[in-house]
Every structure is written in structure tokens, then in C-alpha cells.
file query36.pdb (PDB, C-alpha atoms)
ATOM      1  CA  MET A   1       0.000   0.000   0.000
ATOM      2  CA  PHE A   2       1.224   3.482  -0.851
ATOM      3  CA  SER A   3       1.668   5.330   2.448
ATOM      4  CA  ARG A   4       3.987   8.337   1.922
ATOM      5  CA  HIS A   5       1.038  10.715   2.159
ATOM      6  CA  PHE A   6       0.208   9.534   5.695
ATOM      7  CA  ALA A   7       2.820  11.933   7.090
ATOM      8  CA  HIS A   8       0.514  14.758   5.922
ATOM      9  CA  TRP A   9      -2.766  13.059   6.862
ATOM     10  CA  PRO A  10      -5.064  15.032   9.207
ATOM     11  CA  PRO A  11      -4.886  13.623  12.747
ATOM     12  CA  GLY A  12      -7.901  11.627  13.850
ATOM     13  CA  LEU A  13      -9.198  10.858  10.357
ATOM     14  CA  ALA A  14      -9.465   7.256   9.227
ATOM     15  CA  ARG A  15      -6.930   6.118   6.637
ATOM     16  CA  THR A  16      -9.275   3.643   5.011
ATOM     17  CA  LEU A  17     -12.827   3.767   3.777
ATOM     18  CA  GLU A  18     -15.299   0.933   3.922
ATOM     19  CA  VAL A  19     -17.384   0.928   0.772
ATOM     20  CA  PRO A  20     -20.972  -0.201   1.428
ATOM     21  CA  ARG A  21     -21.869  -3.517  -0.224
ATOM     22  CA  THR A  22     -25.113  -2.116  -1.599
ATOM     23  CA  SER A  23     -26.233  -0.601  -4.880
ATOM     24  CA  VAL A  24     -25.557   3.056  -5.628
ATOM     25  CA  TYR A  25     -29.308   3.722  -5.523
ATOM     26  CA  THR A  26     -29.537   2.101  -2.057
ATOM     27  CA  ASN A  27     -26.971   4.629  -0.846
ATOM     28  CA  LEU A  28     -29.224   7.465  -2.048
ATOM     29  CA  ALA A  29     -32.231   5.876  -0.353
ATOM     30  CA  ALA A  30     -30.268   5.652   2.908
ATOM     31  CA  ARG A  31     -29.272   9.340   2.732
ATOM     32  CA  ALA A  32     -32.859  10.328   1.957
ATOM     33  CA  GLY A  33     -34.015   8.319   4.968
ATOM     34  CA  GLN A  34     -31.409   9.865   7.290
ATOM     35  CA  HIS A  35     -31.498  13.441   5.963
ATOM     36  CA  PRO A  36     -34.717  13.958   3.982
ATOM     37  CA  ASP A  37     -34.688  17.749   4.287
ATOM     38  CA  LYS A  38     -31.005  18.330   3.605
ATOM     39  CA  VAL A  39     -30.127  19.901   0.284
ATOM     40  CA  ALA A  40     -28.805  17.384  -2.235
ATOM     41  CA  LEU A  41     -28.676  19.746  -5.232
ATOM     42  CA  ASN A  42     -28.547  23.507  -5.664
ATOM     43  CA  TYR A  43     -29.391  24.599  -9.210
ATOM     44  CA  TYR A  44     -29.269  28.349  -9.800
ATOM     45  CA  GLY A  45     -30.648  28.853  -6.295
ATOM     46  CA  THR A  46     -33.294  26.135  -6.500
ATOM     47  CA  ARG A  47     -32.689  23.613  -3.764
ATOM     48  CA  VAL A  48     -33.600  19.946  -4.218
ATOM     49  CA  THR A  49     -33.678  17.907  -1.001
ATOM     50  CA  TYR A  50     -32.632  14.276  -0.679
ATOM     51  CA  ALA A  51     -36.280  13.289  -0.185
ATOM     52  CA  GLU A  52     -37.303  15.107  -3.370
ATOM     53  CA  LEU A  53     -34.381  13.595  -5.286
ATOM     54  CA  LYS A  54     -35.336  10.078  -4.189
ATOM     55  CA  ARG A  55     -39.050  10.610  -4.930
ATOM     56  CA  ALA A  56     -38.252  11.842  -8.439
ATOM     57  CA  ALA A  57     -35.791   8.999  -9.080
ATOM     58  CA  ASP A  58     -38.404   6.461  -7.963
ATOM     59  CA  ALA A  59     -41.078   8.034 -10.181
ATOM     60  CA  LEU A  60     -38.744   8.000 -13.169
ATOM     61  CA  ALA A  61     -37.803   4.364 -12.485
ATOM     62  CA  GLY A  62     -41.495   3.461 -12.375
ATOM     63  CA  PHE A  63     -42.080   5.187 -15.711
ATOM     64  CA  LEU A  64     -39.059   3.539 -17.314
ATOM     65  CA  GLN A  65     -40.188   0.095 -16.181
ATOM     66  CA  ASN A  66     -43.945   0.417 -16.690
ATOM     67  CA  ARG A  67     -44.202   2.591 -19.809
ATOM     68  CA  CYS A  68     -40.868   2.085 -21.564
ATOM     69  CA  GLY A  69     -40.403  -1.600 -20.773
ATOM     70  CA  VAL A  70     -36.959  -1.129 -19.207
ATOM     71  CA  ARG A  71     -35.745  -4.316 -17.540
ATOM     72  CA  ARG A  72     -32.719  -5.281 -15.480
ATOM     73  CA  GLY A  73     -29.530  -4.770 -17.472
ATOM     74  CA  ASP A  74     -31.120  -2.658 -20.233
ATOM     75  CA  ARG A  75     -29.112   0.369 -21.312
ATOM     76  CA  VAL A  76     -30.601   3.865 -21.104
ATOM     77  CA  LEU A  77     -28.824   6.716 -22.889
ATOM     78  CA  LEU A  78     -28.429   9.879 -20.787
ATOM     79  CA  ASP A  79     -27.706  12.940 -22.943
ATOM     80  CA  LEU A  80     -28.013  15.985 -20.653
ATOM     81  CA  GLN A  81     -26.080  18.989 -19.431
ATOM     82  CA  ASN A  82     -25.251  19.320 -15.714
ATOM     83  CA  CYS A  83     -28.680  19.769 -14.152
ATOM     84  CA  PRO A  84     -30.978  18.217 -11.524
ATOM     85  CA  GLN A  85     -32.570  16.044 -14.207
ATOM     86  CA  PHE A  86     -29.182  14.436 -14.949
ATOM     87  CA  VAL A  87     -28.745  13.412 -11.303
ATOM     88  CA  ILE A  88     -32.374  12.311 -10.938
ATOM     89  CA  SER A  89     -32.195  10.357 -14.204
ATOM     90  CA  TYR A  90     -28.935   8.720 -13.176
ATOM     91  CA  TYR A  91     -30.449   7.419  -9.942
ATOM     92  CA  GLY A  92     -33.782   6.629 -11.626
ATOM     93  CA  ILE A  93     -32.084   4.463 -14.240
ATOM     94  CA  LEU A  94     -30.167   2.635 -11.507
ATOM     95  CA  ARG A  95     -33.390   2.267  -9.474
ATOM     96  CA  ALA A  96     -34.933   0.586 -12.524
ATOM     97  CA  ASP A  97     -32.003  -1.897 -12.364
ATOM     98  CA  ALA A  98     -30.814  -0.608 -15.746
ATOM     99  CA  VAL A  99     -27.423   0.641 -16.941
ATOM    100  CA  VAL A 100     -26.682   4.355 -17.359
ATOM    101  CA  VAL A 101     -25.013   5.235 -20.672
ATOM    102  CA  PRO A 102     -23.928   8.871 -20.236
ATOM    103  CA  VAL A 103     -23.034  10.674 -23.449
ATOM    104  CA  ASN A 104     -21.617  14.114 -24.125
ATOM    105  CA  PRO A 105     -24.392  16.552 -25.150
ATOM    106  CA  MET A 106     -21.978  17.997 -27.726
ATOM    107  CA  ASN A 107     -22.223  14.744 -29.738
ATOM    108  CA  ARG A 108     -23.999  14.930 -33.053
ATOM    109  CA  ARG A 109     -26.263  12.526 -34.912
ATOM    110  CA  ASP A 110     -23.655  10.082 -36.244
ATOM    111  CA  GLU A 111     -21.944   9.849 -32.854
ATOM    112  CA  LEU A 112     -25.271   9.352 -31.103
ATOM    113  CA  ARG A 113     -26.257   6.695 -33.644
ATOM    114  CA  HIS A 114     -23.053   4.838 -32.730
ATOM    115  CA  TYR A 115     -23.811   5.024 -28.987
ATOM    116  CA  VAL A 116     -27.395   3.851 -29.459
ATOM    117  CA  GLU A 117     -26.273   0.899 -31.585
ATOM    118  CA  ASP A 118     -23.216   0.020 -29.509
ATOM    119  CA  ALA A 119     -25.090   0.103 -26.190
ATOM    120  CA  GLN A 120     -28.237  -1.387 -27.746
ATOM    121  CA  ALA A 121     -30.211   1.344 -25.988
ATOM    122  CA  SER A 122     -33.921   1.568 -26.738
ATOM    123  CA  VAL A 123     -34.584   4.484 -24.360
ATOM    124  CA  ALA A 124     -32.878   7.881 -24.162
ATOM    125  CA  ILE A 125     -33.269  10.855 -21.833
ATOM    126  CA  VAL A 126     -32.158  14.015 -23.641
ATOM    127  CA  GLY A 127     -32.100  17.768 -23.228
ATOM    128  CA  GLN A 128     -34.440  19.640 -25.540
ATOM    129  CA  GLU A 129     -31.461  21.452 -27.097
ATOM    130  CA  VAL A 130     -30.152  18.130 -28.493
ATOM    131  CA  TYR A 131     -33.490  16.521 -29.317
ATOM    132  CA  GLY A 132     -33.092  17.191 -33.050
ATOM    133  CA  GLU A 133     -29.801  15.282 -33.112
ATOM    134  CA  ILE A 134     -31.294  12.069 -31.723
ATOM    135  CA  GLU A 135     -34.897  12.171 -32.920
ATOM    136  CA  GLY A 136     -35.759   9.268 -35.183
ATOM    137  CA  LEU A 137     -32.599   7.219 -34.657
ATOM    138  CA  GLU A 138     -33.229   3.576 -35.390
ATOM    139  CA  GLY A 139     -33.485   1.428 -32.289
ATOM    140  CA  LEU A 140     -34.769   4.132 -29.935
ATOM    141  CA  ARG A 141     -38.335   3.303 -28.992
ATOM    142  CA  HIS A 142     -38.723   5.928 -26.263
ATOM    143  CA  LEU A 143     -37.337   9.461 -25.941
ATOM    144  CA  LEU A 144     -37.814  11.498 -22.770
ATOM    145  CA  VAL A 145     -37.079  15.190 -23.302
ATOM    146  CA  VAL A 146     -35.901  17.472 -20.501
ATOM    147  CA  ALA A 147     -36.522  21.215 -20.234
ATOM    148  CA  TYR A 148     -33.823  22.603 -17.938
ATOM    149  CA  SER A 149     -36.128  25.477 -16.985
ATOM    150  CA  ASP A 150     -38.324  23.050 -15.010
ATOM    151  CA  TYR A 151     -35.897  23.447 -12.100
ATOM    152  CA  LEU A 152     -35.548  27.232 -12.254
ATOM    153  CA  ARG A 153     -38.010  27.713  -9.411
ATOM    154  CA  GLU A 154     -36.262  30.507  -7.521
ATOM    155  CA  PRO A 155     -35.199  33.943  -8.751
ATOM    156  CA  THR A 156     -31.454  34.149  -9.322
ATOM    157  CA  ASP A 157     -28.900  36.826 -10.054
ATOM    158  CA  LEU A 158     -26.634  34.227 -11.656
ATOM    159  CA  PRO A 159     -26.140  34.358 -15.416
ATOM    160  CA  VAL A 160     -28.429  31.660 -16.834
ATOM    161  CA  PRO A 161     -27.773  30.568 -20.437
ATOM    162  CA  PRO A 162     -30.730  31.021 -22.823
ATOM    163  CA  PHE A 163     -31.067  27.269 -23.505
ATOM    164  CA  VAL A 164     -31.473  26.716 -19.743
ATOM    165  CA  ARG A 165     -34.158  29.427 -19.481
ATOM    166  CA  ALA A 166     -36.028  28.106 -22.531
ATOM    167  CA  ALA A 167     -39.598  27.025 -21.861
ATOM    168  CA  PRO A 168     -40.481  23.408 -22.572
ATOM    169  CA  ILE A 169     -41.039  22.741 -26.268
ATOM    170  CA  SER A 170     -43.732  20.375 -27.471
ATOM    171  CA  HIS A 171     -42.179  17.297 -29.095
ATOM    172  CA  ALA A 172     -43.418  13.993 -30.394
ATOM    173  CA  ALA A 173     -41.372  12.539 -27.532
ATOM    174  CA  ILE A 174     -42.327  12.195 -23.864
ATOM    175  CA  ALA A 175     -41.818  15.236 -21.649
ATOM    176  CA  TRP A 176     -39.587  14.264 -18.733
ATOM    177  CA  LYS A 177     -41.824  16.226 -16.374
ATOM    178  CA  ALA A 178     -44.868  14.244 -17.580
ATOM    179  CA  ALA A 179     -43.003  10.993 -16.990
ATOM    180  CA  LEU A 180     -42.530  11.940 -13.335
ATOM    181  CA  ALA A 181     -46.106  13.175 -13.023
ATOM    182  CA  ALA A 182     -47.418   9.770 -14.171
ATOM    183  CA  GLY A 183     -46.813   8.618 -10.583
ATOM    184  CA  LEU A 184     -45.842   5.063 -11.494
ATOM    185  CA  SER A 185     -44.156   2.908  -8.879
ATOM    186  CA  PRO A 186     -41.107   0.831  -9.770
ATOM    187  CA  GLY A 187     -40.809  -2.876  -9.092
ATOM    188  CA  GLU A 188     -38.544  -4.380  -6.475
ATOM    189  CA  HIS A 189     -34.985  -3.038  -6.605
ATOM    190  CA  LYS A 190     -32.828  -6.085  -7.335
ATOM    191  CA  ALA A 191     -29.472  -4.513  -8.197
ATOM    192  CA  GLY A 192     -26.612  -5.166  -5.822
ATOM    193  CA  ALA A 193     -23.157  -3.804  -5.137
ATOM    194  CA  ASP A 194     -21.648  -5.449  -8.216
ATOM    195  CA  ASP A 195     -24.274  -4.189 -10.678
TER
END
call {"tool": "encode", "arguments": {"input": "query36.pdb", "output": "C-alpha cells"}}
result
Amino acid sequence: MFSRHFAHWPPGLARTLEVPRTSVYTNLAARAGQHPDKVALNYYGTRVTYAELKRAADALAGFLQNRCGVRRGDRVLLDLQNCPQFVISYYGILRADAVVVPVNPMNRRDELRHYVEDAQASVAIVGQEVYGEIEGLEGLRHLLVVAYSDYLREPTDLPVPPFVRAAPISHAAIAWKAALAAGLSPGEHKAGADD
């Protein structure tokens, strides 16, 4: 074990870390149970608590399983900027016992086609600014489209890019917000530490 850095280690702090033998989603559920009202995310002044994050992840998992047919081990493409919906989607995909396939939102159609085919993804969660790049790609049966402005709930003096302020646009795809509002419950969480 490499130990040279121990000479500079803060006194009283453990030098090892026990990693829980649970799924990543289970860790979120534990935090939400212990600290439901603590802030998990702060997005341009809008605070999202652990309880709210877990509730949204569960609702998304229920939608993915019940409406999109996502099963254990299925791949779900995640094509979003840094936003609450990225974090919620990440945990929601894991809660559905599926695999997160994060892609760079700067990718264009041919690159996205490759990711869809390579991962064999049939579901994608995308920002509305990249919807045109992925719309109609063969293999994708379900597209959930995110409007970043859904989480701009508080006034802010921070500079907010226009694509983040943009109101939701009507698409042929499923609005991410509507997916959560469907109120569908996910099945039993079967993923473990090695998933």
C-alpha cells in the first residue's frame, strides 16, 4: 500500500474507507431516509432535497419500467447537461435496475447513432437542445425530453444561459416532467453492489 502521504494526513481521520456492499441507488435511499430535508442539489438557487431527489428517481424508475419496458440490465442513454434532471435520471435508471449510458451533449447525430447501436439502448433521456440530433434514430423506442427550466423555481442573479431558461417545447417525444407526473411505482430493486 502506498503510504507516503500519511505523514501529511489530518490527525484523527481514518486512513481507510469501507465501501458499502449495496447498490448506488440504495446509498441514495439511505441518505434520503437519514437526511430527507437536507439539500442534495442547488441549481441556480433552487434547492432539491434528498427526499425530493429520491421521490423523483423512484417516479422515473417506475415510468421507465412500466411505460418504456426497461428491464434489469437494459441500457438507457443519458444525454443531458449538468442539471438536476441528470442526477435524478442517473439514480432513476439505476433504481430501474438498468445501466446508465452517459453521453456528451456535444455529440452529433452520427456519434449518437453509434452510442445507441453500440449500447443497444432503446430508451434515451435528452435535453431539448439536443433533441433534433437524436430524434428518429433507429433502435430508440422511447425518448424522454428534458426542459432545464423546469428546475428554475427561484429567482437568481446568476447568469443563466438562454437554452437553460427556454420554456419546454412540445415534441413527439415524452416530456420528462410528464413521466414523473405519471406517478408510477417501480418494481422491487434487485441490483446489488456489483451491478
call {"tool": "closest_residue", "arguments": {"input": "query36.pdb", "among": "A:Ala30, A:Val99, A:Leu80, A:Val116", "to": "Glu129 of chain A", "atoms": "all atoms listed in the file"}}
result
A:Leu80
call {"tool": "atom_distance", "arguments": {"input": "query36.pdb", "atom1": "atom CA of Val101 of chain A", "atom2": "atom CA of Lys190 of chain A"}}
result
19.2 Å
call {"tool": "residues_around", "arguments": {"input": "query36.pdb", "residues": "Lys38 of chain A", "least_positions_apart": "6", "cutoff": "9 Å", "atoms": "all atoms listed in the file", "output": "list in words"}}
result
Ala32, Val48, Thr49, Tyr50 and Ala51 of chain A
call {"tool": "closest_residue", "arguments": {"input": "query36.pdb", "among": "A:Val103, A:Ala147, A:Leu94, A:Leu184", "to": "Cys68 of chain A", "atoms": "only C-alpha atoms"}}
result
A:Leu184
call {"tool": "residues_around", "arguments": {"input": "query36.pdb", "residues": "Tyr44 of chain A", "least_positions_apart": "5", "cutoff": "8 Å", "atoms": "all atoms listed in the file", "output": "PDB file with C-alpha atoms, in the frame of the given file"}}
result
ATOM      1  CA  LEU A 152     -35.548  27.232 -12.254  1.00  0.00           C
ATOM      2  CA  GLU A 154     -36.262  30.507  -7.521  1.00  0.00           C
ATOM      3  CA  THR A 156     -31.454  34.149  -9.322  1.00  0.00           C
ATOM      4  CA  LEU A 158     -26.634  34.227 -11.656  1.00  0.00           C
ATOM      5  CA  VAL A 160     -28.429  31.660 -16.834  1.00  0.00           C
TER       6      VAL A 160
END
call {"tool": "residues_around", "arguments": {"input": "query36.pdb", "residues": "segment 19-28 of chain A", "least_positions_apart": "6", "cutoff": "6 Å", "atoms": "all atoms listed in the file", "output": "list in words"}}
result
Tyr91, Arg95, Gly192 and Ala193 of chain A
call {"tool": "atom_distance", "arguments": {"input": "query36.pdb", "atom1": "atom CA of Pro84 of chain A", "atom2": "atom CA of Leu41 of chain A"}}
result
6.9 Å
call {"tool": "residues_near_point", "arguments": {"input": "query36.pdb", "point": "(-34.9, 17.8, -30.0)", "cutoff": "12 Å", "atoms": "only C-alpha atoms", "output": "NGL selection string"}}
result
:A and (79-80 or 105 or 108-109 or 124-137 or 143-147 or 168-175)
call {"tool": "closest_residue", "arguments": {"input": "query36.pdb", "among": "A:Asp157, A:Asp110, A:Asp97, A:Asp150", "to": "Gly69 of chain A", "atoms": "all atoms listed in the file"}}
result
A:Asp97
call {"tool": "resolve_selection", "arguments": {"input": "query36.pdb", "expression": "the PyMOL selection byres ((chain A and resi 180) around 8)", "output": "ChimeraX atom specification"}}
result
/A:56,59-60,63,176-179,181-184
call {"tool": "write_last_selection", "arguments": {"input": "query36.pdb", "atoms": "C-alpha atoms", "output": "PDB file, in the coordinates of the input"}}
result
ATOM      1  CA  ALA A  56     -38.252  11.842  -8.439  1.00  0.00           C
ATOM      2  CA  ALA A  59     -41.078   8.034 -10.181  1.00  0.00           C
ATOM      3  CA  LEU A  60     -38.744   8.000 -13.169  1.00  0.00           C
ATOM      4  CA  PHE A  63     -42.080   5.187 -15.711  1.00  0.00           C
ATOM      5  CA  TRP A 176     -39.587  14.264 -18.733  1.00  0.00           C
ATOM      6  CA  LYS A 177     -41.824  16.226 -16.374  1.00  0.00           C
ATOM      7  CA  ALA A 178     -44.868  14.244 -17.580  1.00  0.00           C
ATOM      8  CA  ALA A 179     -43.003  10.993 -16.990  1.00  0.00           C
ATOM      9  CA  ALA A 181     -46.106  13.175 -13.023  1.00  0.00           C
ATOM     10  CA  ALA A 182     -47.418   9.770 -14.171  1.00  0.00           C
ATOM     11  CA  GLY A 183     -46.813   8.618 -10.583  1.00  0.00           C
ATOM     12  CA  LEU A 184     -45.842   5.063 -11.494  1.00  0.00           C
TER      13      LEU A 184
END
call {"tool": "atom_distance", "arguments": {"input": "query36.pdb", "atom1": "atom CA of Ala166 of chain A", "atom2": "atom CA of Gly92 of chain A"}}
result
24.2 Å
call {"tool": "resolve_selection", "arguments": {"input": "query36.pdb", "expression": "the PyMOL selection byres ((chain A and resi 139) around 12)", "output": "MDAnalysis selection string"}}
result
chainID A and resid 75:77 112:124 134:138 140:143
call {"tool": "residues_around", "arguments": {"input": "query36.pdb", "residues": "segment 3-6 of chain A", "least_positions_apart": "4", "cutoff": "10 Å", "atoms": "only C-alpha atoms", "output": "list in words"}}
result
Pro10, Pro11 and Arg15 of chain A
call {"tool": "resolve_selection", "arguments": {"input": "query36.pdb", "expression": "the PyMOL selection byres ((chain A and resi 83) around 9)", "output": "VMD selection string"}}
result
chain A and resid 41 43 80 to 82 84 to 88 148 151
call {"tool": "build_atoms", "arguments": {"input": "query36.pdb", "residues": "segment 53-64 of chain A", "atoms": "all heavy atoms", "output": "mmCIF file, in the frame of the given file"}}
result
data_model
loop_
_atom_site.group_PDB
_atom_site.id
_atom_site.type_symbol
_atom_site.label_atom_id
_atom_site.label_comp_id
_atom_site.auth_asym_id
_atom_site.auth_seq_id
_atom_site.Cartn_x
_atom_site.Cartn_y
_atom_site.Cartn_z
ATOM 1 N N LEU A 53 -35.216 14.306 -4.319
ATOM 2 C CA LEU A 53 -34.381 13.595 -5.286
ATOM 3 C C LEU A 53 -34.778 12.122 -5.354
ATOM 4 O O LEU A 53 -34.969 11.565 -6.440
ATOM 5 C CB LEU A 53 -32.903 13.743 -4.890
ATOM 6 C CG LEU A 53 -31.863 12.945 -5.653
ATOM 7 C CD1 LEU A 53 -31.894 13.244 -7.139
ATOM 8 C CD2 LEU A 53 -30.475 13.226 -5.090
ATOM 9 N N LYS A 54 -34.940 11.488 -4.212
ATOM 10 C CA LYS A 54 -35.336 10.078 -4.189
ATOM 11 C C LYS A 54 -36.730 9.875 -4.777
ATOM 12 O O LYS A 54 -36.955 8.957 -5.567
ATOM 13 C CB LYS A 54 -35.287 9.521 -2.766
ATOM 14 C CG LYS A 54 -35.653 8.035 -2.716
ATOM 15 C CD LYS A 54 -35.765 7.538 -1.295
ATOM 16 C CE LYS A 54 -36.205 6.088 -1.224
ATOM 17 N NZ LYS A 54 -37.514 5.833 -1.817
ATOM 18 N N ARG A 55 -37.684 10.727 -4.395
ATOM 19 C CA ARG A 55 -39.050 10.610 -4.930
ATOM 20 C C ARG A 55 -39.056 10.699 -6.447
ATOM 21 O O ARG A 55 -39.710 9.906 -7.138
ATOM 22 C CB ARG A 55 -39.935 11.724 -4.358
ATOM 23 C CG ARG A 55 -40.903 11.289 -3.322
ATOM 24 C CD ARG A 55 -41.925 12.352 -2.948
ATOM 25 N NE ARG A 55 -41.474 13.724 -2.931
ATOM 26 C CZ ARG A 55 -40.901 14.323 -1.898
ATOM 27 N NH1 ARG A 55 -40.693 13.669 -0.774
ATOM 28 N NH2 ARG A 55 -40.535 15.585 -1.965
ATOM 29 N N ALA A 56 -38.307 11.672 -6.984
ATOM 30 C CA ALA A 56 -38.252 11.842 -8.439
ATOM 31 C C ALA A 56 -37.562 10.660 -9.108
ATOM 32 O O ALA A 56 -38.014 10.189 -10.157
ATOM 33 C CB ALA A 56 -37.542 13.154 -8.778
ATOM 34 N N ALA A 57 -36.489 10.158 -8.514
ATOM 35 C CA ALA A 57 -35.791 8.999 -9.080
ATOM 36 C C ALA A 57 -36.702 7.778 -9.092
ATOM 37 O O ALA A 57 -36.745 7.023 -10.080
ATOM 38 C CB ALA A 57 -34.513 8.707 -8.292
ATOM 39 N N ASP A 58 -37.468 7.580 -8.026
ATOM 40 C CA ASP A 58 -38.404 6.461 -7.963
ATOM 41 C C ASP A 58 -39.495 6.596 -9.021
ATOM 42 O O ASP A 58 -39.862 5.613 -9.686
ATOM 43 C CB ASP A 58 -39.045 6.366 -6.578
ATOM 44 C CG ASP A 58 -38.070 5.916 -5.499
ATOM 45 O OD1 ASP A 58 -36.964 5.434 -5.829
ATOM 46 O OD2 ASP A 58 -38.418 6.060 -4.304
ATOM 47 N N ALA A 59 -40.029 7.806 -9.177
ATOM 48 C CA ALA A 59 -41.078 8.034 -10.181
ATOM 49 C C ALA A 59 -40.546 7.782 -11.588
ATOM 50 O O ALA A 59 -41.232 7.187 -12.429
ATOM 51 C CB ALA A 59 -41.622 9.452 -10.052
ATOM 52 N N LEU A 60 -39.336 8.237 -11.852
ATOM 53 C CA LEU A 60 -38.744 8.000 -13.169
ATOM 54 C C LEU A 60 -38.514 6.513 -13.388
ATOM 55 O O LEU A 60 -38.802 5.991 -14.470
ATOM 56 C CB LEU A 60 -37.435 8.774 -13.327
ATOM 57 C CG LEU A 60 -36.757 8.609 -14.685
ATOM 58 C CD1 LEU A 60 -37.647 9.132 -15.816
ATOM 59 C CD2 LEU A 60 -35.411 9.300 -14.696
ATOM 60 N N ALA A 61 -38.015 5.810 -12.368
ATOM 61 C CA ALA A 61 -37.803 4.364 -12.485
ATOM 62 C C ALA A 61 -39.121 3.651 -12.791
ATOM 63 O O ALA A 61 -39.170 2.759 -13.646
ATOM 64 C CB ALA A 61 -37.193 3.812 -11.202
ATOM 65 N N GLY A 62 -40.190 4.056 -12.107
ATOM 66 C CA GLY A 62 -41.495 3.461 -12.375
ATOM 67 C C GLY A 62 -41.941 3.693 -13.803
ATOM 68 O O GLY A 62 -42.480 2.791 -14.464
ATOM 69 N N PHE A 63 -41.709 4.887 -14.325
ATOM 70 C CA PHE A 63 -42.080 5.187 -15.711
ATOM 71 C C PHE A 63 -41.237 4.368 -16.684
ATOM 72 O O PHE A 63 -41.758 3.796 -17.644
ATOM 73 C CB PHE A 63 -41.906 6.681 -16.002
ATOM 74 C CG PHE A 63 -42.460 7.083 -17.328
ATOM 75 C CD1 PHE A 63 -43.796 7.425 -17.466
ATOM 76 C CD2 PHE A 63 -41.660 7.096 -18.459
ATOM 77 C CE1 PHE A 63 -44.327 7.782 -18.697
ATOM 78 C CE2 PHE A 63 -42.176 7.443 -19.693
ATOM 79 C CZ PHE A 63 -43.518 7.790 -19.813
ATOM 80 N N LEU A 64 -39.939 4.308 -16.424
ATOM 81 C CA LEU A 64 -39.059 3.539 -17.314
ATOM 82 C C LEU A 64 -39.469 2.070 -17.366
ATOM 83 O O LEU A 64 -39.508 1.466 -18.438
ATOM 84 C CB LEU A 64 -37.598 3.657 -16.859
ATOM 85 C CG LEU A 64 -36.946 5.020 -17.032
ATOM 86 C CD1 LEU A 64 -35.571 5.053 -16.354
ATOM 87 C CD2 LEU A 64 -36.825 5.404 -18.501
#
